[in-house]
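*Asks:* Got a structure for you, data09.csv, holding CSV, C-alpha atoms.
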chain,number,residue,atom,x,y,z
A,30,MET,CA,-32.5,79.7,117.9
A,31,PHE,CA,-29.4,77.7,117.3
A,32,ARG,CA,-28.7,79.5,114.0
A,33,ALA,CA,-29.3,82.8,115.7
A,34,GLY,CA,-26.7,81.9,118.3
A,35,VAL,CA,-24.1,80.8,115.7
A,36,ILE,CA,-24.7,84.0,113.6
A,37,ALA,CA,-24.2,86.1,116.7
A,38,THR,CA,-20.9,84.4,117.4
A,39,LEU,CA,-19.6,84.7,113.9
A,40,GLN,CA,-20.8,88.2,112.9
A,41,PRO,CA,-17.9,90.1,114.5
A,42,TYR,CA,-15.5,88.1,112.3
A,43,PHE,CA,-17.3,87.3,109.1
A,44,THR,CA,-20.0,88.7,106.8
A,45,ILE,CA,-23.0,86.5,107.0
A,46,VAL,CA,-24.6,86.5,103.5
A,47,GLY,CA,-27.6,84.2,104.2
A,48,GLN,CA,-29.2,81.4,106.1
A,49,ALA,CA,-31.9,78.9,105.4
A,50,PRO,CA,-34.0,76.3,107.4
A,51,ASP,CA,-34.3,73.5,104.8
A,52,VAL,CA,-32.7,71.9,101.8
A,53,GLU,CA,-34.5,73.9,99.1
A,54,GLY,CA,-33.9,77.2,100.8
A,55,SER,CA,-30.3,76.4,101.4
A,56,VAL,CA,-29.6,75.5,97.8
A,57,ALA,CA,-31.3,78.6,96.6
A,58,MET,CA,-29.4,80.8,99.1
A,59,ILE,CA,-26.1,79.3,98.1
A,60,ALA,CA,-26.8,79.7,94.4
A,61,ALA,CA,-27.8,83.4,94.9
A,62,THR,CA,-24.9,84.4,97.3
A,63,LYS,CA,-22.1,82.1,96.3
A,64,PRO,CA,-20.5,82.2,99.8
A,65,ASP,CA,-16.8,81.5,100.5
A,66,VAL,CA,-17.8,79.0,103.2
A,67,VAL,CA,-21.0,77.2,103.8
A,68,LEU,CA,-21.7,76.1,107.4
A,69,LEU,CA,-24.3,73.3,107.2
A,70,ASP,CA,-26.0,70.8,109.5
A,71,VAL,CA,-26.3,67.1,108.6
A,72,HIS,CA,-30.0,66.7,109.4
A,73,VAL,CA,-31.7,69.5,107.4
A,74,PRO,CA,-35.4,68.9,106.5
A,75,GLY,CA,-36.8,69.1,103.0
A,76,GLY,CA,-35.6,68.0,99.6
A,77,GLU,CA,-35.3,64.3,99.1
A,78,GLY,CA,-34.4,63.6,102.7
A,79,GLY,CA,-30.6,63.7,102.1
A,80,GLY,CA,-30.0,66.6,104.5
A,81,GLY,CA,-26.6,68.3,104.4
A,82,ALA,CA,-25.2,65.9,101.9
A,83,GLU,CA,-28.0,66.7,99.5
A,84,ILE,CA,-27.5,70.4,99.9
A,85,LEU,CA,-23.8,70.0,99.1
A,86,ALA,CA,-24.4,67.8,96.1
A,87,LYS,CA,-27.0,70.2,94.6
A,88,SER,CA,-25.1,73.4,95.4
A,89,LEU,CA,-21.7,72.6,93.9
A,90,ALA,CA,-22.9,73.3,90.4
A,91,TYR,CA,-24.1,76.7,91.4
A,92,SER,CA,-21.2,77.7,93.6
A,93,PRO,CA,-18.2,75.5,92.8
A,94,HIS,CA,-15.7,77.5,94.8
A,95,SER,CA,-17.6,77.4,98.1
A,96,ALA,CA,-16.0,75.4,100.9
A,97,PHE,CA,-18.4,73.3,103.0
A,98,LEU,CA,-18.0,72.8,106.8
A,99,ALA,CA,-20.5,70.5,108.6
A,100,LEU,CA,-21.5,71.6,112.1
A,101,SER,CA,-23.7,68.9,113.6
A,102,VAL,CA,-24.8,67.4,116.9
A,103,SER,CA,-24.3,64.0,115.3
A,104,ASP,CA,-21.1,62.1,115.4
A,105,SER,CA,-22.4,58.9,113.8
A,106,PRO,CA,-20.2,57.2,111.1
A,107,GLN,CA,-23.0,57.3,108.6
A,108,ASP,CA,-23.5,61.1,108.9
A,109,VAL,CA,-19.8,61.8,108.9
A,110,GLY,CA,-19.2,59.6,105.9
A,111,ALA,CA,-22.2,61.0,103.9
A,112,VAL,CA,-21.1,64.6,104.0
A,113,ILE,CA,-17.4,63.8,103.5
A,114,ARG,CA,-18.1,61.8,100.4
A,115,ALA,CA,-20.4,64.5,99.1
A,116,GLY,CA,-17.5,66.9,99.3
A,117,ALA,CA,-17.4,68.6,102.7
A,118,ARG,CA,-14.0,69.9,103.6
A,119,GLY,CA,-14.6,69.6,107.4
A,120,TYR,CA,-16.9,68.2,110.1
A,121,VAL,CA,-17.1,69.5,113.6
A,122,THR,CA,-19.6,68.8,116.4
A,123,LYS,CA,-21.8,71.3,118.2
A,124,THR,CA,-19.8,70.9,121.4
A,125,ILE,CA,-17.1,73.1,119.7
A,126,THR,CA,-16.3,76.4,121.3
A,127,GLY,CA,-17.0,79.7,119.5
A,128,GLU,CA,-13.3,80.4,119.2
A,129,ASP,CA,-12.6,77.0,117.6
A,130,LEU,CA,-15.5,77.3,115.2
A,131,ILE,CA,-14.2,80.7,114.0
A,132,ASN,CA,-10.7,79.1,113.5
A,133,SER,CA,-12.2,76.1,111.8
A,134,ILE,CA,-14.1,78.3,109.3
A,135,ARG,CA,-10.9,80.2,108.5
A,136,GLN,CA,-8.9,77.0,108.1
A,137,VAL,CA,-11.5,75.5,105.7
A,138,HIS,CA,-11.5,78.8,103.7
A,139,GLU,CA,-7.7,78.5,103.4
A,140,GLY,CA,-8.0,75.0,102.0
A,141,TYR,CA,-7.3,72.9,105.1
A,142,ALA,CA,-9.3,69.9,106.2
A,143,VAL,CA,-10.8,70.4,109.7
A,144,PHE,CA,-12.4,67.6,111.8
A,145,SER,CA,-13.2,67.1,115.4
A,146,PRO,CA,-10.5,64.7,116.8
A,147,LYS,CA,-13.0,62.0,117.9
A,148,LEU,CA,-14.2,61.7,114.3
A,149,ALA,CA,-10.8,60.8,112.9
A,150,GLY,CA,-11.5,57.2,112.3
A,151,PHE,CA,-14.7,57.9,110.3
A,152,VAL,CA,-12.9,60.6,108.3
A,153,LEU,CA,-10.0,58.3,107.3
A,154,SER,CA,-12.5,55.6,106.3
A,155,ALA,CA,-14.3,58.0,104.0
A,156,PHE,CA,-11.0,59.2,102.5
A,157,GLN,CA,-9.9,55.6,101.9
A,158,GLY,CA,-13.2,54.5,100.3
A,159,VAL,CA,-13.6,51.9,103.0
A,160,PRO,CA,-17.2,51.3,104.2
A,161,VAL,CA,-17.6,53.1,107.5
A,162,GLY,CA,-17.5,50.7,110.3
A,163,GLY,CA,-15.3,48.3,108.4
A,164,ASP,CA,-11.9,47.0,109.5
A,165,GLY,CA,-10.0,49.1,106.9
A,166,LEU,CA,-8.3,45.9,105.5
A,167,GLY,CA,-10.3,45.6,102.3
A,168,PRO,CA,-9.2,46.7,98.9
A,169,ALA,CA,-8.9,50.4,98.2
A,170,GLY,CA,-11.9,52.0,96.5
A,171,ALA,CA,-12.4,55.1,94.5
A,172,GLY,CA,-11.3,57.3,97.4
A,173,GLY,CA,-7.7,56.6,96.4
A,174,GLY,CA,-6.6,54.3,99.2
A,175,VAL,CA,-3.3,52.6,98.6
A,176,GLY,CA,-2.8,48.9,99.5
A,177,GLY,CA,-0.6,45.9,98.7
A,178,ALA,CA,2.9,45.0,99.5
A,179,GLY,CA,4.2,46.4,96.3
A,180,THR,CA,4.3,49.9,97.7
A,181,ALA,CA,5.4,49.1,101.3
A,182,GLY,CA,9.0,50.0,100.6
A,183,VAL,CA,8.1,53.4,99.3
A,184,ARG,CA,5.9,54.2,102.3
A,185,ASP,CA,8.5,53.1,104.8
A,186,GLU,CA,11.1,55.3,103.1
A,187,GLU,CA,8.9,58.3,103.2
A,188,LEU,CA,7.9,57.8,106.8
A,189,ASP,CA,11.5,57.3,107.8
A,190,ARG,CA,12.3,60.8,106.7
A,191,LEU,CA,10.4,62.0,109.8
A,192,SER,CA,11.8,62.1,113.3
A,193,ALA,CA,9.8,60.3,116.0
A,194,ARG,CA,8.4,63.6,117.2
A,195,GLU,CA,7.5,64.7,113.7
A,196,GLN,CA,5.6,61.4,113.3
A,197,GLU,CA,3.6,62.0,116.5
A,198,VAL,CA,2.7,65.5,115.3
A,199,MET,CA,1.9,64.2,111.8
A,200,ARG,CA,-0.5,61.6,113.1
A,201,LEU,CA,-2.4,64.0,115.3
A,202,ILE,CA,-2.7,66.6,112.6
A,203,ALA,CA,-3.9,64.0,110.1
A,204,ARG,CA,-6.6,63.0,112.6
A,205,GLY,CA,-7.9,66.6,112.6
A,206,TYR,CA,-6.4,67.9,115.8
A,207,THR,CA,-5.8,71.7,115.9
A,208,TYR,CA,-2.3,73.0,116.6
A,209,LYS,CA,-3.6,73.9,120.1
A,210,GLU,CA,-4.8,70.4,120.7
A,211,VAL,CA,-1.6,68.9,119.4
A,212,ALA,CA,0.4,71.1,121.8
A,213,ALA,CA,-1.7,70.1,124.7
A,214,GLU,CA,-1.5,66.4,123.8
A,215,LEU,CA,2.3,66.4,123.4
A,216,PHE,CA,3.1,69.0,126.1
A,217,ILE,CA,4.9,71.3,123.7
A,218,SER,CA,4.2,74.9,122.6
A,219,ILE,CA,2.0,75.8,119.6
A,220,LYS,CA,5.1,77.4,118.0
A,221,THR,CA,6.9,74.1,118.2
A,222,VAL,CA,3.9,72.3,116.6
A,223,GLU,CA,4.0,74.8,113.8
A,224,THR,CA,7.7,74.2,113.3
A,225,HIS,CA,7.2,70.4,113.2
A,226,VAL,CA,4.2,70.6,110.8
A,227,SER,CA,6.3,72.8,108.4
A,228,SER,CA,9.1,70.3,108.6
A,229,VAL,CA,6.8,67.4,107.9
A,230,LEU,CA,5.2,69.1,104.9
A,231,ARG,CA,8.6,70.0,103.5
A,232,LYS,CA,10.1,66.5,103.9
A,233,LEU,CA,7.0,64.8,102.4
A,234,GLN,CA,6.7,67.4,99.7
A,235,LEU,CA,3.1,68.2,100.6
A,236,SER,CA,1.4,71.6,100.5
A,237,ASN,CA,-1.2,71.6,103.3
A,238,ARG,CA,-3.0,69.7,105.9
A,239,THR,CA,-5.5,68.3,103.4
A,240,GLU,CA,-2.7,66.6,101.5
A,241,LEU,CA,-1.1,65.4,104.7
A,242,THR,CA,-4.4,63.8,105.9
A,243,ARG,CA,-4.8,62.0,102.5
A,244,TRP,CA,-1.1,60.9,102.6
A,245,ALA,CA,-1.6,59.4,106.1
A,246,ALA,CA,-4.9,57.8,105.1
A,247,ASP,CA,-3.5,56.2,102.0
A,248,ARG,CA,-0.8,54.5,104.0
A,249,ARG,CA,-3.2,53.6,106.9
A,250,ILE,CA,-0.7,54.8,109.4
A,251,VAL,CA,-3.0,56.9,111.6
Any chance you could put this one into structure tokens?

*Replies:*
Amino acid sequence: MFRAGVIATLQPYFTIVGQAPDVEGSVAMIAATKPDVVLLDVHVPGGEGGGGAEILAKSLAYSPHSAFLALSVSDSPQDVGAVIRAGARGYVTKTITGEDLINSIRQVHEGYAVFSPKLAGFVLSAFQGVPVGGDGLGPAGAGGGVGGAGTAGVRDEELDRLSAREQEVMRLIARGYTYKEVAAELFISIKTVETHVSSVLRKLQLSNRTELTRWAADRRIV
């Protein structure tokens, strides 16, 4: 019933090429249709019990250009970390509105990282390679986290390129806020948010929100 509701919401805007109720069916469907975006739950029955993360891991070889967006009722650190480490480009909860879900799918397809704001801490931990639930002060792991005093001067110099307002916008965007949510949080217009984001990306020589999120995560400034 839930899948039927999601499909009814999305059909006016996207071509739905398939759906599946379990791990095996999902992998087969993705291999056959090679969708632009895969919307998957975290807790999917079947397979070896790995749910959405298992679907993602097994499907990448069949459809390497698909972008994966998790849509789940769960907001636990373990679930978020599992699918992010498996390669999901975004994670939103089922409290999301239909309009925001449509926008999230479009953003993921365009190469952006999209996360529900309340999941920001888990997402940053996953990017940093820090065990979820840790204090974030341990050594950087394979996720590419940057630590140590040797790079502090470089980080300060880069951050100092941004104005105070740009830093506020940067932190919220890196946490997964949409432009609309940033505008509401800072009491500015969406157009102003777009202007600030463009300025931040230009000053930091970054290409998109995904790179910005990783930039902020590497410096542990969010």

*Asks:* Have a look at CA of Tyr141 in chain A and CA of Ala57 in chain A and let me know their distance in Å, one decimal.

*Replies:* 26.1 Å

*Asks:* When you draw a straight line from CA of Gly79 in chain A to CA of Val143 in chain A, how long is it in Å?

*Replies:*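 Computing it gives 22.2 Å between the two atoms.
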
*Asks:* Would you mind telling me which residue in A:Arg135, A:Lys209, A:Lys220, A:Arg231 lies nearest to Phe43 in chain A when using only C-alpha atoms?

*Replies:* A:Arg135

*Asks:* Between CA of Ile219 in chain A and CA of Arg243 in chain A, what distance in Å does the model show, to one decimal?

*Replies:*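 Calculated distance between CA of Ile219 in chain A and CA of Arg243 in chain A is 23.0 Å.
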
*Asks:* Give me, as a list in words, all polymer residues having an atom no more than 12 Å from Gly116 in chain A, counting only C-alpha atoms and skipping those fewer than 3 positions away in the same chain.

*Replies:*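 Listed by chain and then number, they are Val67, Gly81, Ala82, Glu83, Ile84, Leu85, Ala86, Lys87, Ser88, Leu89, Pro93, His94, Ser95, Ala96, Phe97, Leu98, Ala99, Val109, Gly110, Ala111, Val112, Ile113, Gly119, Tyr120, Ala142, Val152, Ala155, Phe156 and Gly172 of chain A.
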
*Asks:* Convert the current residue selection to file output with C-alpha atoms, as a PDB file, keeping the file's coordinate frame.

*Replies:*
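And here's selection.pdb as it stands now:
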ATOM      1  CA  VAL A  67     -21.000  77.200 103.800  1.00  0.00           C
ATOM      2  CA  GLY A  81     -26.600  68.300 104.400  1.00  0.00           C
ATOM      3  CA  ALA A  82     -25.200  65.900 101.900  1.00  0.00           C
ATOM      4  CA  GLU A  83     -28.000  66.700  99.500  1.00  0.00           C
ATOM      5  CA  ILE A  84     -27.500  70.400  99.900  1.00  0.00           C
ATOM      6  CA  LEU A  85     -23.800  70.000  99.100  1.00  0.00           C
ATOM      7  CA  ALA A  86     -24.400  67.800  96.100  1.00  0.00           C
ATOM      8  CA  LYS A  87     -27.000  70.200  94.600  1.00  0.00           C
ATOM      9  CA  SER A  88     -25.100  73.400  95.400  1.00  0.00           C
ATOM     10  CA  LEU A  89     -21.700  72.600  93.900  1.00  0.00           C
ATOM     11  CA  PRO A  93     -18.200  75.500  92.800  1.00  0.00           C
ATOM     12  CA  HIS A  94     -15.700  77.500  94.800  1.00  0.00           C
ATOM     13  CA  SER A  95     -17.600  77.400  98.100  1.00  0.00           C
ATOM     14  CA  ALA A  96     -16.000  75.400 100.900  1.00  0.00           C
ATOM     15  CA  PHE A  97     -18.400  73.300 103.000  1.00  0.00           C
ATOM     16  CA  LEU A  98     -18.000  72.800 106.800  1.00  0.00           C
ATOM     17  CA  ALA A  99     -20.500  70.500 108.600  1.00  0.00           C
ATOM     18  CA  VAL A 109     -19.800  61.800 108.900  1.00  0.00           C
ATOM     19  CA  GLY A 110     -19.200  59.600 105.900  1.00  0.00           C
ATOM     20  CA  ALA A 111     -22.200  61.000 103.900  1.00  0.00           C
ATOM     21  CA  VAL A 112     -21.100  64.600 104.000  1.00  0.00           C
ATOM     22  CA  ILE A 113     -17.400  63.800 103.500  1.00  0.00           C
ATOM     23  CA  GLY A 119     -14.600  69.600 107.400  1.00  0.00           C
ATOM     24  CA  TYR A 120     -16.900  68.200 110.100  1.00  0.00           C
ATOM     25  CA  ALA A 142      -9.300  69.900 106.200  1.00  0.00           C
ATOM     26  CA  VAL A 152     -12.900  60.600 108.300  1.00  0.00           C
ATOM     27  CA  ALA A 155     -14.300  58.000 104.000  1.00  0.00           C
ATOM     28  CA  PHE A 156     -11.000  59.200 102.500  1.00  0.00           C
ATOM     29  CA  GLY A 172     -11.300  57.300  97.400  1.00  0.00           C
TER      30      GLY A 172
END

*Asks:* Between A:Val66, A:Ser103, A:Leu130, A:Val52, which one has atoms that come closest to Val35 in chain A, using all atoms listed in the file?

*Replies:*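 Among the listed residues, the smallest separation from Val35 in chain A belongs to A:Leu130.
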
*Asks:* Write out as a count of residues only which residues come within 12 Å of Thr224 in chain A when counting only C-alpha atoms, dropping same-chain ones fewer than 5 positions away.

*Replies:* 12

*Asks:* Using all atoms listed in the file, which of A:Glu139, A:Glu53, A:Glu77, A:Asp70 sits nearest Lys123 in chain A?

*Replies:*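 Closest candidate: A:Asp70.
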
*Asks:* Have a look at A:Val226, A:Ala245, A:Leu233, A:Met58 and name the one nearest to Ile45 in chain A; count all atoms listed in the file.

*Replies:*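 Closest residue, counting all atoms listed in the file: A:Met58.
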